[in-house]
file start.pdb (PDB, C-alpha atoms)
ATOM      1  CA  ASN A  10       2.116 -57.632  94.785
ATOM      2  CA  VAL A  11      -1.149 -59.109  93.536
ATOM      3  CA  SER A  12      -4.280 -57.052  94.151
ATOM      4  CA  SER A  13      -7.479 -55.794  92.552
ATOM      5  CA  SER A  14      -5.894 -52.333  92.915
ATOM      6  CA  TYR A  15      -3.645 -53.177  89.951
ATOM      7  CA  LYS A  16      -6.269 -54.638  87.621
ATOM      8  CA  ARG A  17      -7.095 -53.243  84.212
ATOM      9  CA  LEU A  18     -10.729 -54.354  83.897
ATOM     10  CA  VAL A  19     -11.690 -57.235  86.191
ATOM     11  CA  GLY A  20     -10.110 -59.540  88.760
ATOM     12  CA  GLN A  21      -6.617 -58.817  89.998
ATOM     13  CA  GLY A  22      -3.355 -57.539  88.529
ATOM     14  CA  VAL A  23       0.260 -57.641  89.650
ATOM     15  CA  ARG A  24       2.556 -54.743  90.590
ATOM     16  CA  SER A  25       6.306 -54.878  89.996
ATOM     17  CA  GLN A  26       8.603 -52.252  91.495
ATOM     18  CA  SER A  27      12.057 -53.672  90.900
ATOM     19  CA  SER A  28      14.041 -55.778  88.454
ATOM     20  CA  THR A  29      15.219 -57.706  91.522
ATOM     21  CA  TYR A  30      11.703 -58.963  92.286
ATOM     22  CA  ARG A  31      10.350 -60.574  89.149
ATOM     23  CA  LEU A  32       7.304 -62.529  88.171
ATOM     24  CA  ILE A  33       8.846 -65.545  86.438
ATOM     25  CA  LYS A  34       6.866 -68.122  84.491
ATOM     26  CA  ALA A  35       8.215 -71.269  82.864
ATOM     27  CA  THR A  36       6.338 -72.865  79.952
ATOM     28  CA  THR A  37       6.689 -76.092  78.006
ATOM     29  CA  ASN A  38       7.122 -74.489  74.579
ATOM     30  CA  THR A  39       9.766 -75.887  72.216
ATOM     31  CA  ASN A  40       8.393 -74.262  69.063
ATOM     32  CA  ALA A  41      10.551 -71.596  67.408
ATOM     33  CA  THR A  42       7.691 -69.073  67.504
ATOM     34  CA  TYR A  43       6.551 -67.549  70.787
ATOM     35  CA  ILE A  44       3.766 -64.997  71.261
ATOM     36  CA  LEU A  45       2.934 -63.001  74.381
ATOM     37  CA  GLY A  46       0.173 -60.482  75.003
ATOM     38  CA  ILE A  47      -0.152 -58.395  78.153
ATOM     39  CA  ALA A  48      -1.764 -55.235  79.500
ATOM     40  CA  PHE A  49       0.534 -52.858  81.377
ATOM     41  CA  TYR A  50       0.312 -49.519  83.174
ATOM     42  CA  ILE A  51       3.406 -47.441  83.960
ATOM     43  CA  ASN A  52       2.592 -45.797  87.280
ATOM     44  CA  SER A  53       5.694 -43.612  87.255
ATOM     45  CA  THR A  54       6.699 -40.339  88.863
ATOM     46  CA  GLY A  55       9.915 -40.311  86.850
ATOM     47  CA  ALA A  56      10.931 -41.317  83.357
ATOM     48  CA  LEU A  57      12.057 -44.900  82.935
ATOM     49  CA  VAL A  58      15.729 -45.089  82.013
ATOM     50  CA  TYR A  59      17.715 -48.042  80.679
ATOM     51  CA  GLY A  60      19.113 -50.020  83.603
ATOM     52  CA  ALA A  61      16.217 -48.992  85.839
ATOM     53  CA  ASP A  62      13.420 -49.631  83.387
ATOM     54  CA  ALA A  63      10.447 -51.954  83.189
ATOM     55  CA  GLN A  64      10.980 -54.926  80.948
ATOM     56  CA  ILE A  65       9.713 -58.260  79.700
ATOM     57  CA  ALA A  66      12.445 -60.843  79.235
ATOM     58  CA  PHE A  67      11.979 -63.926  77.062
ATOM     59  CA  LEU A  68      14.015 -66.890  78.305
ATOM     60  CA  GLU A  69      15.305 -70.309  77.363
ATOM     61  CA  ASN A  70      16.217 -72.364  80.414
ATOM     62  CA  GLY A  71      16.614 -69.151  82.421
ATOM     63  CA  THR A  72      18.883 -67.417  79.874
ATOM     64  CA  TYR A  73      17.825 -64.326  77.931
ATOM     65  CA  GLN A  74      16.892 -64.762  74.287
ATOM     66  CA  ILE A  75      15.151 -61.398  73.735
ATOM     67  CA  LYS A  76      14.234 -58.518  76.037
ATOM     68  CA  VAL A  77      11.608 -55.816  75.558
ATOM     69  CA  HIS A  78      12.403 -52.641  77.519
ATOM     70  CA  PHE A  79      10.242 -49.632  78.328
ATOM     71  CA  VAL A  80      12.682 -46.711  78.285
ATOM     72  CA  GLY A  81      11.375 -43.146  78.462
ATOM     73  CA  ASN A  82       8.464 -43.162  76.010
ATOM     74  CA  ASP A  83      10.123 -45.780  73.799
ATOM     75  CA  ILE A  84       9.877 -49.541  73.447
ATOM     76  CA  GLN A  85      13.291 -51.086  72.870
ATOM     77  CA  VAL A  86      14.008 -54.631  71.704
ATOM     78  CA  ARG A  87      17.402 -55.996  72.759
ATOM     79  CA  ASN A  88      19.078 -59.361  72.359
ATOM     80  CA  GLY A  89      20.266 -61.582  75.178
ATOM     81  CA  ALA A  90      23.541 -59.684  75.490
ATOM     82  CA  GLY A  91      21.720 -56.335  75.751
ATOM     83  CA  THR A  92      22.507 -55.106  72.214
ATOM     84  CA  LEU A  93      19.803 -52.810  70.850
ATOM     85  CA  LEU A  94      18.004 -54.365  67.872
ATOM     86  CA  GLY A  95      15.250 -51.826  67.298
ATOM     87  CA  THR A  96      13.168 -49.046  68.839
ATOM     88  CA  ALA A  97       9.542 -47.938  68.651
ATOM     89  CA  THR A  98       9.884 -44.252  69.518
ATOM     90  CA  ASN A  99       7.329 -42.206  71.445
ATOM     91  CA  ALA A 100       5.042 -45.212  71.730
ATOM     92  CA  LEU A 101       4.289 -45.078  75.458
ATOM     93  CA  ILE A 102       2.002 -42.884  77.518
ATOM     94  CA  TYR A 103       2.533 -43.018  81.278
ATOM     95  CA  LYS A 104      -0.334 -43.590  83.705
ATOM     96  CA  THR A 105      -2.573 -45.177  81.101
ATOM     97  CA  TRP A 106      -3.252 -48.789  80.194
ATOM     98  CA  HIS A 107      -1.602 -50.192  77.068
ATOM     99  CA  TYR A 108      -1.989 -53.629  75.531
ATOM    100  CA  LEU A 109       1.274 -55.057  74.187
ATOM    101  CA  GLN A 110       1.732 -58.094  71.950
ATOM    102  CA  VAL A 111       5.129 -59.500  70.960
ATOM    103  CA  LYS A 112       5.809 -62.321  68.500
ATOM    104  CA  ILE A 113       9.331 -63.735  68.262
ATOM    105  CA  LEU A 114      10.790 -66.227  65.818
ATOM    106  CA  VAL A 115      13.933 -67.625  67.411
ATOM    107  CA  ASP A 116      16.739 -68.109  64.883
ATOM    108  CA  ASP A 117      20.377 -67.072  64.693
ATOM    109  CA  THR A 118      20.120 -65.617  61.147
ATOM    110  CA  VAL A 119      16.488 -65.128  60.090
ATOM    111  CA  GLY A 120      14.954 -64.288  63.447
ATOM    112  CA  THR A 121      12.040 -61.867  63.640
ATOM    113  CA  VAL A 122      10.391 -59.715  66.289
ATOM    114  CA  ASP A 123       7.010 -58.029  65.800
ATOM    115  CA  VAL A 124       5.585 -55.629  68.375
ATOM    116  CA  ILE A 125       1.943 -54.550  68.416
ATOM    117  CA  LEU A 126       0.812 -51.843  70.835
ATOM    118  CA  ASP A 127      -2.880 -51.072  71.278
ATOM    119  CA  GLY A 128      -3.668 -52.763  67.977
ATOM    120  CA  SER A 129      -0.987 -51.002  65.895
ATOM    121  CA  ASN A 130       2.236 -52.586  64.640
ATOM    122  CA  VAL A 131       4.895 -50.271  66.076
ATOM    123  CA  LEU A 132       8.012 -52.334  65.310
ATOM    124  CA  SER A 133       8.917 -55.172  62.921
ATOM    125  CA  LEU A 134      12.420 -56.625  62.834
ATOM    126  CA  SER A 135      13.558 -59.364  60.455
ATOM    127  CA  GLY A 136      16.765 -61.095  59.453
ATOM    128  CA  ILE A 137      18.186 -60.714  62.942
ATOM    129  CA  ASP A 138      19.815 -63.010  65.491
ATOM    130  CA  THR A 139      17.230 -63.793  68.179
ATOM    131  CA  LYS A 140      18.936 -66.968  69.405
ATOM    132  CA  ALA A 141      21.299 -66.458  72.344
ATOM    133  CA  THR A 142      21.320 -70.052  73.572
ATOM    134  CA  SER A 143      21.847 -73.479  72.049
ATOM    135  CA  ASN A 144      18.097 -74.045  71.658
ATOM    136  CA  ALA A 145      15.927 -72.211  69.128
ATOM    137  CA  TYR A 146      12.898 -71.609  71.321
ATOM    138  CA  ILE A 147      11.589 -69.654  74.298
ATOM    139  CA  ASP A 148      10.320 -71.603  77.296
ATOM    140  CA  GLY A 149       9.586 -68.852  79.788
ATOM    141  CA  PHE A 150       9.520 -65.173  80.571
ATOM    142  CA  TRP A 151       9.786 -62.750  83.446
ATOM    143  CA  LEU A 152       8.115 -59.415  84.140
ATOM    144  CA  ALA A 153       9.891 -56.664  86.052
ATOM    145  CA  GLY A 154       9.502 -53.031  87.024
ATOM    146  CA  GLY A 155      12.196 -50.403  87.412
ATOM    147  CA  CYS A 156      12.249 -49.144  90.997
ATOM    148  CA  SER A 157       9.889 -47.881  93.706
ATOM    149  CA  VAL A 158       9.078 -44.635  91.841
ATOM    150  CA  ARG A 159       8.861 -46.371  88.473
ATOM    151  CA  GLU A 160       6.481 -49.225  89.167
ATOM    152  CA  ILE A 161       4.513 -51.064  86.526
ATOM    153  CA  TRP A 162       1.242 -52.957  86.722
ATOM    154  CA  TYR A 163       0.595 -56.045  84.583
ATOM    155  CA  ASP A 164      -2.701 -57.759  83.777
ATOM    156  CA  ASP A 165      -4.548 -59.864  81.177
ATOM    157  CA  LEU A 166      -1.626 -62.031  80.066
ATOM    158  CA  TYR A 167      -1.641 -64.708  77.393
ATOM    159  CA  THR A 168       1.109 -66.757  75.752
ATOM    160  CA  CYS A 169       1.023 -69.144  72.808
ATOM    161  CA  SER A 170       3.272 -70.638  70.161
ATOM    162  CA  GLY A 171       3.149 -71.111  66.411
ATOM    163  CA  ALA A 172       2.127 -74.750  66.834
ATOM    164  CA  GLY A 173      -1.330 -76.261  66.446
ATOM    165  CA  SER A 174      -4.405 -75.193  64.505
ATOM    166  CA  VAL A 175      -5.746 -72.656  67.027
ATOM    167  CA  ASN A 176      -4.168 -69.886  69.096
ATOM    168  CA  ASN A 177      -1.007 -69.935  66.984
ATOM    169  CA  ASP A 178      -0.685 -66.204  66.242
ATOM    170  CA  PHE A 179      -1.592 -62.850  67.763
ATOM    171  CA  LEU A 180      -4.875 -63.138  69.678
ATOM    172  CA  GLY A 181      -5.503 -59.406  69.952
ATOM    173  CA  ASP A 182      -6.365 -57.398  73.047
ATOM    174  CA  CYS A 183      -7.511 -60.057  75.524
ATOM    175  CA  ARG A 184      -9.231 -59.982  78.899
ATOM    176  CA  ILE A 185      -8.869 -62.706  81.512
ATOM    177  CA  ASP A 186     -12.010 -63.416  83.540
ATOM    178  CA  THR A 187     -11.830 -65.522  86.712
ATOM    179  CA  LEU A 188     -14.851 -67.636  87.592
ATOM    180  CA  TYR A 189     -15.335 -68.951  91.125
ATOM    181  CA  PRO A 190     -17.375 -71.914  92.401
ATOM    182  CA  ASP A 191     -20.882 -70.859  93.386
ATOM    183  CA  GLY A 192     -22.696 -74.148  93.872
ATOM    184  CA  ALA A 193     -22.499 -77.925  94.154
ATOM    185  CA  GLY A 194     -21.847 -79.820  90.947
ATOM    186  CA  ASN A 195     -22.687 -83.379  89.978
ATOM    187  CA  TYR A 196     -19.992 -84.804  92.315
ATOM    188  CA  SER A 197     -19.379 -84.195  96.015
ATOM    189  CA  GLN A 198     -17.260 -87.261  96.776
ATOM    190  CA  TRP A 199     -14.545 -85.408  98.684
ATOM    191  CA  THR A 200     -15.104 -84.673 102.381
ATOM    192  CA  PRO A 201     -15.567 -80.983 103.268
ATOM    193  CA  SER A 202     -13.775 -79.505 106.257
ATOM    194  CA  ALA A 203     -17.063 -77.743 106.992
ATOM    195  CA  GLY A 204     -20.234 -76.779 105.147
ATOM    196  CA  SER A 205     -20.704 -77.507 101.460
ATOM    197  CA  ASN A 206     -17.805 -78.603  99.291
ATOM    198  CA  TYR A 207     -17.958 -75.634  96.931
ATOM    199  CA  GLU A 208     -17.850 -73.185  99.854
ATOM    200  CA  ASN A 209     -14.400 -74.475 100.787
ATOM    201  CA  VAL A 210     -12.890 -73.595  97.390
ATOM    202  CA  ASP A 211     -14.640 -70.365  96.415
ATOM    203  CA  GLU A 212     -12.145 -67.830  97.804
ATOM    204  CA  ALA A 213     -10.162 -65.500  95.510
ATOM    205  CA  GLN A 214      -6.920 -66.455  97.244
ATOM    206  CA  MET A 215      -6.257 -69.917  98.632
ATOM    207  CA  ASP A 216      -6.597 -70.080 102.442
ATOM    208  CA  ALA A 217      -4.568 -73.290 102.968
ATOM    209  CA  ASP A 218      -5.955 -75.436 105.803
ATOM    210  CA  THR A 219      -8.672 -72.980 106.825
ATOM    211  CA  THR A 220     -11.206 -74.468 104.405
ATOM    212  CA  TYR A 221     -10.644 -77.498 102.179
ATOM    213  CA  ASN A 222     -12.020 -80.742 100.786
ATOM    214  CA  SER A 223     -10.140 -84.021 101.140
ATOM    215  CA  THR A 224     -10.208 -87.640 100.063
ATOM    216  CA  GLY A 225      -8.039 -90.745 100.225
ATOM    217  CA  THR A 226     -10.068 -92.798  97.766
ATOM    218  CA  ALA A 227      -8.816 -93.097  94.194
ATOM    219  CA  SER A 228     -11.297 -92.034  91.485
ATOM    220  CA  ASN A 229     -13.263 -89.816  93.870
ATOM    221  CA  ARG A 230     -14.400 -86.633  92.149
ATOM    222  CA  ASP A 231     -15.540 -83.195  93.283
ATOM    223  CA  SER A 232     -17.165 -80.719  90.896
ATOM    224  CA  TYR A 233     -18.684 -77.257  91.169
ATOM    225  CA  THR A 234     -20.835 -74.900  89.182
ATOM    226  CA  LEU A 235     -19.248 -71.514  88.484
ATOM    227  CA  ASP A 236     -20.538 -67.965  88.729
ATOM    228  CA  GLY A 237     -20.375 -67.522  84.954
ATOM    229  CA  LEU A 238     -19.457 -64.896  82.398
ATOM    230  CA  SER A 239     -21.388 -61.660  82.047
ATOM    231  CA  ALA A 240     -22.285 -61.180  78.368
ATOM    232  CA  ILE A 241     -18.722 -60.692  77.174
ATOM    233  CA  GLY A 242     -19.714 -60.735  73.491
ATOM    234  CA  SER A 243     -16.213 -61.620  72.272
ATOM    235  CA  THR A 244     -14.103 -64.608  71.271
ATOM    236  CA  ILE A 245     -13.220 -67.090  73.998
ATOM    237  CA  HIS A 246      -9.742 -68.372  73.162
ATOM    238  CA  GLY A 247      -9.705 -71.020  75.887
ATOM    239  CA  ILE A 248     -10.252 -71.770  79.551
ATOM    240  CA  GLN A 249      -7.775 -72.671  82.265
ATOM    241  CA  THR A 250      -8.682 -74.767  85.283
ATOM    242  CA  VAL A 251      -6.747 -73.938  88.462
ATOM    243  CA  THR A 252      -6.839 -76.303  91.443
ATOM    244  CA  THR A 253      -4.688 -75.925  94.558
ATOM    245  CA  VAL A 254      -3.732 -79.156  96.335
ATOM    246  CA  SER A 255      -1.396 -80.693  98.898
ATOM    247  CA  LYS A 256      -1.076 -84.056 100.644
ATOM    248  CA  ASP A 257      -0.827 -84.641 104.388
ATOM    249  CA  ASP A 258       0.686 -88.111 104.604
ATOM    250  CA  ALA A 259       3.507 -90.213 103.198
ATOM    251  CA  GLY A 260       3.135 -91.963  99.869
ATOM    252  CA  ALA A 261       2.583 -90.827  96.310
ATOM    253  CA  ARG A 262      -0.715 -89.261  95.272
ATOM    254  CA  THR A 263      -1.822 -87.806  91.933
ATOM    255  CA  VAL A 264      -4.762 -85.659  90.881
ATOM    256  CA  ARG A 265      -6.212 -84.569  87.571
ATOM    257  CA  PRO A 266      -8.638 -81.727  86.780
ATOM    258  CA  PHE A 267     -11.764 -82.448  84.774
ATOM    259  CA  LEU A 268     -14.611 -80.569  83.134
ATOM    260  CA  ARG A 269     -18.219 -81.692  83.020
ATOM    261  CA  VAL A 270     -19.821 -80.456  79.811
ATOM    262  CA  SER A 271     -23.292 -81.486  78.608
ATOM    263  CA  SER A 272     -23.487 -84.161  81.348
ATOM    264  CA  THR A 273     -20.209 -85.784  80.238
ATOM    265  CA  ASP A 274     -16.921 -85.818  82.172
ATOM    266  CA  TYR A 275     -13.729 -84.867  80.330
ATOM    267  CA  ASP A 276     -10.448 -85.352  82.151
ATOM    268  CA  THR A 277      -8.133 -82.491  81.216
ATOM    269  CA  GLY A 278      -4.474 -81.696  81.650
ATOM    270  CA  SER A 279      -2.503 -84.633  83.001
ATOM    271  CA  ALA A 280      -2.229 -86.672  86.180
ATOM    272  CA  THR A 281      -0.069 -84.554  88.484
ATOM    273  CA  PRO A 282       1.808 -85.668  91.622
ATOM    274  CA  ILE A 283       0.686 -83.900  94.796
ATOM    275  CA  PRO A 284       3.489 -82.340  96.880
ATOM    276  CA  ASP A 285       3.523 -81.949 100.655
ATOM    277  CA  SER A 286       2.942 -78.187 100.403
ATOM    278  CA  TYR A 287       0.201 -76.413  98.504
ATOM    279  CA  THR A 288       0.707 -76.006  94.771
ATOM    280  CA  SER A 289      -1.593 -75.160  91.870
ATOM    281  CA  VAL A 290      -2.422 -77.690  89.165
ATOM    282  CA  LEU A 291      -3.242 -76.008  85.849
ATOM    283  CA  ALA A 292      -4.983 -77.355  82.760
ATOM    284  CA  ILE A 293      -5.811 -75.441  79.577
ATOM    285  CA  ASP A 294      -8.552 -76.351  77.090
ATOM    286  CA  GLU A 295      -8.403 -74.253  73.936
ATOM    287  CA  THR A 296     -11.588 -75.797  72.563
ATOM    288  CA  ASN A 297     -14.702 -77.358  74.004
ATOM    289  CA  PRO A 298     -13.974 -81.093  74.507
ATOM    290  CA  ASP A 299     -17.647 -81.879  73.908
ATOM    291  CA  ASP A 300     -17.602 -80.821  70.240
ATOM    292  CA  SER A 301     -13.953 -79.817  69.559
ATOM    293  CA  ALA A 302     -15.205 -76.370  68.530
ATOM    294  CA  ALA A 303     -14.447 -72.940  69.950
ATOM    295  CA  TRP A 304     -15.883 -72.214  73.367
ATOM    296  CA  GLU A 305     -19.135 -70.286  73.414
ATOM    297  CA  GLU A 306     -20.367 -68.203  76.306
ATOM    298  CA  ALA A 307     -23.250 -70.588  76.980
ATOM    299  CA  ASP A 308     -20.832 -73.538  77.090
ATOM    300  CA  VAL A 309     -18.711 -71.890  79.767
ATOM    301  CA  ASN A 310     -21.671 -70.790  81.848
ATOM    302  CA  ALA A 311     -23.141 -74.309  81.865
ATOM    303  CA  LEU A 312     -20.010 -76.344  82.607
ATOM    304  CA  GLU A 313     -18.759 -77.735  85.918
ATOM    305  CA  SER A 314     -15.125 -77.637  86.973
ATOM    306  CA  GLY A 315     -13.736 -80.375  89.161
ATOM    307  CA  ILE A 316     -10.848 -82.428  90.490
ATOM    308  CA  LYS A 317     -10.298 -86.194  90.597
ATOM    309  CA  LEU A 318      -7.942 -88.175  92.818
ATOM    310  CA  VAL A 319      -6.239 -90.462  90.308
ATOM    311  CA  SER A 320      -4.235 -92.575  92.731
TER     312      SER A 320
END
call {"tool": "encode", "arguments": {"input": "start.pdb", "output": "structure tokens"}}
result
Amino acid sequence: NVSSSYKRLVGQGVRSQSSTYRLIKATTNTNATYILGIAFYINSTGALVYGADAQIAFLENGTYQIKVHFVGNDIQVRNGAGTLLGTATNALIYKTWHYLQVKILVDDTVGTVDVILDGSNVLSLSGIDTKATSNAYIDGFWLAGGCSVREIWYDDLYTCSGAGSVNNDFLGDCRIDTLYPDGAGNYSQWTPSAGSNYENVDEAQMDADTTYNSTGTASNRDSYTLDGLSAIGSTIHGIQTVTTVSKDDAGARTVRPFLRVSSTDYDTGSATPIPDSYTSVLAIDETNPDDSAAWEEADVNALESGIKLVS
């Protein structure tokens, strides 16, 4: 379930009530180091027990590499086969928000797992086997709760790897802000179903064919101003553009997100084929493409977000 009822600070969070119903996310990471940060809230009327606990599983091609379990008031780290590797005892408080960060080095002899909870290192494991598959990396994860009386809420998630010059280690306690279109940008080349273009894409949850913008002309762009950040006063590690698209006729079509910064257009992400049913196209920019430096609040508040039909 996704709702503002399960948020930590702003926006919306997700509720998980069962290990059967999981939030699964695949990534493109092939680096041996994988880092995940997430806020969670155990909304439990009974103690979590192993086998009916909340957990975060780190995967390679759908197979467990490492699992982090919330059992009682403990955080347990287990390998892909379920063998206990280490425990942070009495770390959890129920019905309060925690911020968890996990860094894993995948290796069959010198693997490591570091767990930070609310800014404190509560568990460090080294010289262990963290590689359960033939590949020494993690390319996805899933989030799960225990059962209906042991639900868990998740929010403010980030993932990164050890690669690159930025965002290659723990990022700290992070907050995810969602910005929505609030006005027309420099381009309105797509045809609105009604009203102004930005008004058709400003809803918190996509409404399919109720409101939309469309085009059949390659290179046409649509861009929108956003409602902006509210004096966050903290580091901006990156921005992610989310555009939901579908096509309504035969033939191949591709789109690509873009940002307009300081009156210049920067195509971001990659050209993505459009399926027949609605899907979201994501693009992440860790730095400002206008100066290759870290994003500043003023940069974000002044930019336009848009979409281009490539072909």
call {"tool": "residues_around", "arguments": {"input": "start.pdb", "residues": "Pro284 in chain A", "least_positions_apart": "3", "cutoff": "12 Å", "atoms": "all atoms listed in the file", "output": "mmCIF file with C-alpha atoms, in the coordinates of the input"}}
result
data_model
loop_
_atom_site.group_PDB
_atom_site.id
_atom_site.type_symbol
_atom_site.label_atom_id
_atom_site.label_comp_id
_atom_site.auth_asym_id
_atom_site.auth_seq_id
_atom_site.Cartn_x
_atom_site.Cartn_y
_atom_site.Cartn_z
ATOM 1 C CA THR A 253 -4.688 -75.925 94.558
ATOM 2 C CA VAL A 254 -3.732 -79.156 96.335
ATOM 3 C CA SER A 255 -1.396 -80.693 98.898
ATOM 4 C CA LYS A 256 -1.076 -84.056 100.644
ATOM 5 C CA ASP A 257 -0.827 -84.641 104.388
ATOM 6 C CA ASP A 258 0.686 -88.111 104.604
ATOM 7 C CA ALA A 259 3.507 -90.213 103.198
ATOM 8 C CA GLY A 260 3.135 -91.963 99.869
ATOM 9 C CA ALA A 261 2.583 -90.827 96.310
ATOM 10 C CA ARG A 262 -0.715 -89.261 95.272
ATOM 11 C CA THR A 263 -1.822 -87.806 91.933
ATOM 12 C CA VAL A 264 -4.762 -85.659 90.881
ATOM 13 C CA THR A 281 -0.069 -84.554 88.484
ATOM 14 C CA TYR A 287 0.201 -76.413 98.504
ATOM 15 C CA THR A 288 0.707 -76.006 94.771
ATOM 16 C CA SER A 289 -1.593 -75.160 91.870
ATOM 17 C CA VAL A 290 -2.422 -77.690 89.165
#
call {"tool": "residues_around", "arguments": {"input": "start.pdb", "residues": "Asp148 in chain A", "least_positions_apart": "6", "cutoff": "12 Å", "atoms": "only C-alpha atoms", "output": "mmCIF file with C-alpha atoms, keeping the file's coordinate frame"}}
result
data_model
loop_
_atom_site.group_PDB
_atom_site.id
_atom_site.type_symbol
_atom_site.label_atom_id
_atom_site.label_comp_id
_atom_site.auth_asym_id
_atom_site.auth_seq_id
_atom_site.Cartn_x
_atom_site.Cartn_y
_atom_site.Cartn_z
ATOM 1 C CA ILE A 33 8.846 -65.545 86.438
ATOM 2 C CA LYS A 34 6.866 -68.122 84.491
ATOM 3 C CA ALA A 35 8.215 -71.269 82.864
ATOM 4 C CA THR A 36 6.338 -72.865 79.952
ATOM 5 C CA THR A 37 6.689 -76.092 78.006
ATOM 6 C CA ASN A 38 7.122 -74.489 74.579
ATOM 7 C CA THR A 39 9.766 -75.887 72.216
ATOM 8 C CA ASN A 40 8.393 -74.262 69.063
ATOM 9 C CA ALA A 41 10.551 -71.596 67.408
ATOM 10 C CA THR A 42 7.691 -69.073 67.504
ATOM 11 C CA TYR A 43 6.551 -67.549 70.787
ATOM 12 C CA ILE A 44 3.766 -64.997 71.261
ATOM 13 C CA LEU A 45 2.934 -63.001 74.381
ATOM 14 C CA ALA A 66 12.445 -60.843 79.235
ATOM 15 C CA PHE A 67 11.979 -63.926 77.062
ATOM 16 C CA LEU A 68 14.015 -66.890 78.305
ATOM 17 C CA GLU A 69 15.305 -70.309 77.363
ATOM 18 C CA ASN A 70 16.217 -72.364 80.414
ATOM 19 C CA GLY A 71 16.614 -69.151 82.421
ATOM 20 C CA THR A 72 18.883 -67.417 79.874
ATOM 21 C CA TYR A 73 17.825 -64.326 77.931
ATOM 22 C CA GLN A 74 16.892 -64.762 74.287
ATOM 23 C CA ILE A 75 15.151 -61.398 73.735
ATOM 24 C CA VAL A 115 13.933 -67.625 67.411
ATOM 25 C CA THR A 142 21.320 -70.052 73.572
ATOM 26 C CA THR A 168 1.109 -66.757 75.752
ATOM 27 C CA CYS A 169 1.023 -69.144 72.808
ATOM 28 C CA SER A 170 3.272 -70.638 70.161
#
call {"tool": "residues_around", "arguments": {"input": "start.pdb", "residues": "Thr187 in chain A", "least_positions_apart": "2", "cutoff": "8 Å", "atoms": "only C-alpha atoms", "output": "list in words"}}
result
Gly20, Ile185 and Tyr189 of chain A
call {"tool": "atom_distance", "arguments": {"input": "start.pdb", "atom1": "CA of Asp138 in chain A", "atom2": "CA of Trp151 in chain A"}}
result
20.6 Å
call {"tool": "resolve_selection", "arguments": {"input": "start.pdb", "expression": "the PyMOL selection byres ((chain A and resi 291) around 9)", "output": "ChimeraX atom specification"}}
result
/A:249-253,266,278,289-290,292-293
call {"tool": "residues_around", "arguments": {"input": "start.pdb", "residues": "Asp236 in chain A", "least_positions_apart": "4", "cutoff": "7 Å", "atoms": "only C-alpha atoms", "output": "number ranges by chain"}}
result
A: 188-191
call {"tool": "closest_residue", "arguments": {"input": "start.pdb", "among": "A:Ser205, A:Ser174, A:Thr96, A:Asn88", "to": "Thr139 in chain A", "atoms": "only C-alpha atoms"}}
result
A:Asn88
call {"tool": "closest_residue", "arguments": {"input": "start.pdb", "among": "A:Gly154, A:Ser197, A:Ile248, A:Gly242", "to": "Tyr167 in chain A", "atoms": "all atoms listed in the file"}}
result
A:Ile248
call {"tool": "closest_residue", "arguments": {"input": "start.pdb", "among": "A:Ser135, A:Asn52, A:Gln198, A:Thr121", "to": "Tyr233 in chain A", "atoms": "only C-alpha atoms"}}
result
A:Gln198
call {"tool": "atom_distance", "arguments": {"input": "start.pdb", "atom1": "CA of Ile102 in chain A", "atom2": "CA of His246 in chain A"}}
result
28.4 Å
call {"tool": "atom_distance", "arguments": {"input": "start.pdb", "atom1": "CA of Ile125 in chain A", "atom2": "CA of Leu109 in chain A"}}
result
5.8 Å
call {"tool": "residues_near_point", "arguments": {"input": "start.pdb", "point": "(0.8, -46.9, 83.6)", "cutoff": "12 Å", "atoms": "all atoms listed in the file", "output": "ChimeraX atom specification"}}
result
/A:15-17,24-25,48-57,63,79,82,101-108,154,158-164
call {"tool": "closest_residue", "arguments": {"input": "start.pdb", "among": "A:Glu295, A:Glu313, A:Glu305, A:Glu212", "to": "Val175 in chain A", "atoms": "only C-alpha atoms"}}
result
A:Glu295
call {"tool": "residues_around", "arguments": {"input": "start.pdb", "residues": "Thr296 in chain A", "least_positions_apart": "4", "cutoff": "9 Å", "atoms": "all atoms listed in the file", "output": "JSON, numbers by chain"}}
result
{"A": [175, 245, 246, 247, 248, 300, 301, 302, 303, 304]}
